[in-house]
$ cat target-v9.pdb   # PDB, C-alpha atoms
MODEL        1
ATOM      1  CA  LYS N   1      12.578  -2.035  10.280
ATOM      2  CA  ARG N   2      11.116  -3.651  13.387
ATOM      3  CA  THR N   3       7.458  -2.749  13.360
ATOM      4  CA  LEU N   4       5.394  -3.199  16.488
ATOM      5  CA  ILE N   5       1.726  -3.988  16.086
ATOM      6  CA  PRO N   6      -0.975  -4.641  18.686
ATOM      7  CA  VAL N   7      -1.888  -8.210  19.490
ATOM      8  CA  ILE N   8      -5.294  -8.546  21.118
ATOM      9  CA  ASP N   9      -5.821 -11.314  23.655
ATOM     10  CA  THR N  10      -9.471 -12.283  23.182
ATOM     11  CA  ASN N  11      -9.432 -14.045  26.552
ATOM     12  CA  ARG N  12      -8.843 -10.690  28.239
ATOM     13  CA  CYS N  13     -10.682  -8.386  25.829
ATOM     14  CA  THR N  14     -14.116  -7.436  27.190
ATOM     15  CA  GLY N  15     -15.231  -5.490  24.119
ATOM     16  CA  CYS N  16     -15.360  -2.249  26.106
ATOM     17  CA  GLY N  17     -14.114  -0.294  23.078
ATOM     18  CA  TRP N  18     -11.692   2.027  24.883
ATOM     19  CA  CYS N  19      -8.923   1.135  22.439
ATOM     20  CA  VAL N  20     -10.925   2.014  19.319
ATOM     21  CA  PRO N  21     -10.839   5.846  19.645
ATOM     22  CA  ALA N  22      -7.244   5.676  20.930
ATOM     23  CA  CYS N  23      -6.077   4.732  17.427
ATOM     24  CA  HIS N  24      -5.695   7.953  15.448
ATOM     25  CA  LEU N  25      -5.453   5.914  12.217
ATOM     26  CA  HIS N  26      -8.800   4.153  12.898
ATOM     27  CA  LEU N  27      -7.267   0.680  12.553
ATOM     28  CA  LEU N  28      -9.189  -0.861  15.453
ATOM     29  CA  SER N  29     -12.863  -1.703  15.615
ATOM     30  CA  LEU N  30     -15.181  -3.879  17.660
ATOM     31  CA  GLU N  31     -16.458  -6.964  15.910
ATOM     32  CA  ALA N  32     -18.987  -9.482  17.088
ATOM     33  CA  GLN N  33     -17.914 -13.095  17.410
ATOM     34  CA  GLY N  34     -20.976 -14.991  18.449
ATOM     35  CA  TRP N  35     -22.621 -13.057  21.249
ATOM     36  CA  GLN N  36     -19.413 -11.271  22.336
ATOM     37  CA  LYS N  37     -17.543  -8.295  20.917
ATOM     38  CA  PHE N  38     -13.783  -8.132  20.575
ATOM     39  CA  SER N  39     -11.359  -5.500  19.385
ATOM     40  CA  THR N  40      -9.959  -6.271  15.932
ATOM     41  CA  LEU N  41      -6.972  -4.788  14.114
ATOM     42  CA  HIS N  42      -7.418  -3.925  10.440
ATOM     43  CA  ASP N  43      -4.643  -3.027   7.977
ATOM     44  CA  ALA N  44      -1.821  -3.998  10.320
ATOM     45  CA  GLN N  45       0.735  -2.747   7.807
ATOM     46  CA  ASP N  46      -0.470   0.827   8.448
ATOM     47  CA  CYS N  47       0.035   0.656  12.237
ATOM     48  CA  THR N  48       2.738   3.026  13.461
ATOM     49  CA  GLY N  49       3.314   1.144  16.730
ATOM     50  CA  CYS N  50       2.498   4.206  18.838
ATOM     51  CA  ARG N  51       1.154   2.019  21.692
ATOM     52  CA  LYS N  52      -1.818   4.301  22.424
ATOM     53  CA  CYS N  53      -4.255   1.376  22.209
ATOM     54  CA  GLU N  54      -2.091  -0.710  24.532
ATOM     55  CA  VAL N  55      -1.936   2.080  27.108
ATOM     56  CA  LYS N  56      -5.666   2.792  26.896
ATOM     57  CA  CYS N  57      -6.815  -0.820  27.437
ATOM     58  CA  PRO N  58      -7.874  -1.110  31.101
ATOM     59  CA  PHE N  59      -7.753  -4.919  31.002
ATOM     60  CA  GLY N  60      -4.252  -5.451  29.604
ATOM     61  CA  ALA N  61      -5.693  -7.247  26.587
ATOM     62  CA  ILE N  62      -3.393  -5.492  24.105
ATOM     63  CA  THR N  63       0.334  -6.076  23.895
ATOM     64  CA  MET N  64       2.692  -4.830  21.238
ATOM     65  CA  SER N  65       4.703  -7.409  19.362
ATOM     66  CA  VAL N  66       7.251  -7.340  16.579
ATOM     67  CA  LEU N  67       5.482  -8.091  13.300
ATOM     68  CA  ARG N  68       8.051 -10.735  12.375
ATOM     69  CA  MET N  69       7.404 -12.655  15.598
ATOM     70  CA  ILE N  70       3.671 -12.623  14.901
ATOM     71  CA  LEU N  71       4.275 -14.060  11.445
ATOM     72  CA  ILE N  72       6.431 -16.805  12.933
ATOM     73  CA  TYR N  73       3.668 -17.607  15.406
ATOM     74  CA  TYR N  74       1.009 -17.896  12.711
ATOM     75  CA  LEU N  75       3.090 -19.444   9.922
ATOM     76  CA  GLY N  76       5.196 -21.685  12.116
ATOM     77  CA  SER N  77       8.733 -20.963  10.991
ATOM     78  CA  LEU N  78      10.967 -18.367   9.408
ATOM     79  CA  GLU N  79      11.422 -20.616   6.362
ATOM     80  CA  ARG N  80       7.658 -20.718   5.755
ATOM     81  CA  ILE N  81       7.506 -16.917   6.107
ATOM     82  CA  THR N  82      10.227 -16.521   3.501
ATOM     83  CA  ARG N  83       8.334 -18.743   1.066
ATOM     84  CA  ALA N  84       4.963 -17.098   1.808
ATOM     85  CA  THR N  85       6.250 -13.540   1.429
ATOM     86  CA  ARG N  86       8.807 -13.987  -1.362
ATOM     87  CA  HIS N  87       6.486 -12.385  -3.932
ATOM     88  CA  LEU N  88       6.178  -9.226  -1.792
ATOM     89  CA  CYS N  89       9.838  -8.226  -2.192
TER      90      CYS N  89
ENDMDL
END

$ encode --input "target-v9.pdb" --output "structure tokens"
Amino acid sequence: KRTLIPVIDTNRCTGCGWCVPACHLHLLSLEAQGWQKFSTLHDAQDCTGCRKCEVKCPFGAITMSVLRMILIYYLGSLERITRATRHLC
């Protein structure tokens, strides 16, 4: 299954909060980082990939990405993902 989840670009996110009520599963919230607020995704595994948050963002700060590609970005390689997630299967 190719699951899409929102990726929030903190360089574009203004903390306006429009995306938060767009998520019917309440997976987004605003969190302070220093003196700024940014949208944050919680419980990514529960996201349905409906894209409502992406559509609602007036600043284009949210893009949907395939979960596997996000893991590759953060973990560096498919081999490292396999090792890191082996216990989940």

$ closest_residue --input "target-v9.pdb" --among "N:Gly34, N:Thr48, N:Ser29, N:Gly60" --to "Ile5 in chain N" --atoms "only C-alpha atoms"
N:Thr48

$ residues_around --input "target-v9.pdb" --residues "Arg12 in chain N" --least-positions-apart "2" --cutoff "7 Å" --atoms "only C-alpha atoms" --output "PDB file with C-alpha atoms, in the coordinates of the input"
ATOM      1  CA  ASP N   9      -5.821 -11.314  23.655  1.00  0.00           C
ATOM      2  CA  THR N  10      -9.471 -12.283  23.182  1.00  0.00           C
ATOM      3  CA  THR N  14     -14.116  -7.436  27.190  1.00  0.00           C
ATOM      4  CA  PHE N  59      -7.753  -4.919  31.002  1.00  0.00           C
ATOM      5  CA  ALA N  61      -5.693  -7.247  26.587  1.00  0.00           C
TER       6      ALA N  61
END

$ resolve_selection --input "target-v9.pdb" --expression "the PyMOL selection byres ((chain N and resi 31) around 12)" --output "PDB file with C-alpha atoms, keeping the file's coordinate frame"
ATOM      1  CA  THR N  10      -9.471 -12.283  23.182  1.00  0.00           C
ATOM      2  CA  CYS N  13     -10.682  -8.386  25.829  1.00  0.00           C
ATOM      3  CA  THR N  14     -14.116  -7.436  27.190  1.00  0.00           C
ATOM      4  CA  GLY N  15     -15.231  -5.490  24.119  1.00  0.00           C
ATOM      5  CA  CYS N  16     -15.360  -2.249  26.106  1.00  0.00           C
ATOM      6  CA  GLY N  17     -14.114  -0.294  23.078  1.00  0.00           C
ATOM      7  CA  VAL N  20     -10.925   2.014  19.319  1.00  0.00           C
ATOM      8  CA  LEU N  28      -9.189  -0.861  15.453  1.00  0.00           C
ATOM      9  CA  SER N  29     -12.863  -1.703  15.615  1.00  0.00           C
ATOM     10  CA  LEU N  30     -15.181  -3.879  17.660  1.00  0.00           C
ATOM     11  CA  ALA N  32     -18.987  -9.482  17.088  1.00  0.00           C
ATOM     12  CA  GLN N  33     -17.914 -13.095  17.410  1.00  0.00           C
ATOM     13  CA  GLY N  34     -20.976 -14.991  18.449  1.00  0.00           C
ATOM     14  CA  TRP N  35     -22.621 -13.057  21.249  1.00  0.00           C
ATOM     15  CA  GLN N  36     -19.413 -11.271  22.336  1.00  0.00           C
ATOM     16  CA  LYS N  37     -17.543  -8.295  20.917  1.00  0.00           C
ATOM     17  CA  PHE N  38     -13.783  -8.132  20.575  1.00  0.00           C
ATOM     18  CA  SER N  39     -11.359  -5.500  19.385  1.00  0.00           C
ATOM     19  CA  THR N  40      -9.959  -6.271  15.932  1.00  0.00           C
ATOM     20  CA  LEU N  41      -6.972  -4.788  14.114  1.00  0.00           C
ATOM     21  CA  HIS N  42      -7.418  -3.925  10.440  1.00  0.00           C
TER      22      HIS N  42
END

$ closest_residue --input "target-v9.pdb" --among "N:Ile8, N:Cys53, N:Met64, N:Cys47" --to "Pro21 in chain N" --atoms "only C-alpha atoms"
N:Cys53

$ closest_residue --input "target-v9.pdb" --among "N:Ala22, N:Pro6, N:Thr63, N:Pro58" --to "Asp46 in chain N" --atoms "only C-alpha atoms"
N:Pro6

$ closest_residue --input "target-v9.pdb" --among "N:Asn11, N:Gly49, N:Asp43, N:Trp18" --to "Val66 in chain N" --atoms "all atoms listed in the file"
N:Gly49

$ atom_distance --input "target-v9.pdb" --atom1 "CA of Ser65 in chain N" --atom2 "CA of Val7 in chain N"
6.6 Å

$ axis_aligned_box --input "target-v9.pdb" --around "range 33-51 of chain N" --padding-each-side "5 Å" --output "lines of an AutoDock Vina configuration file"
center_x = -9.7
center_y = -5.4
center_z = 15.1
size_x = 35.9
size_y = 29.2
size_z = 24.5
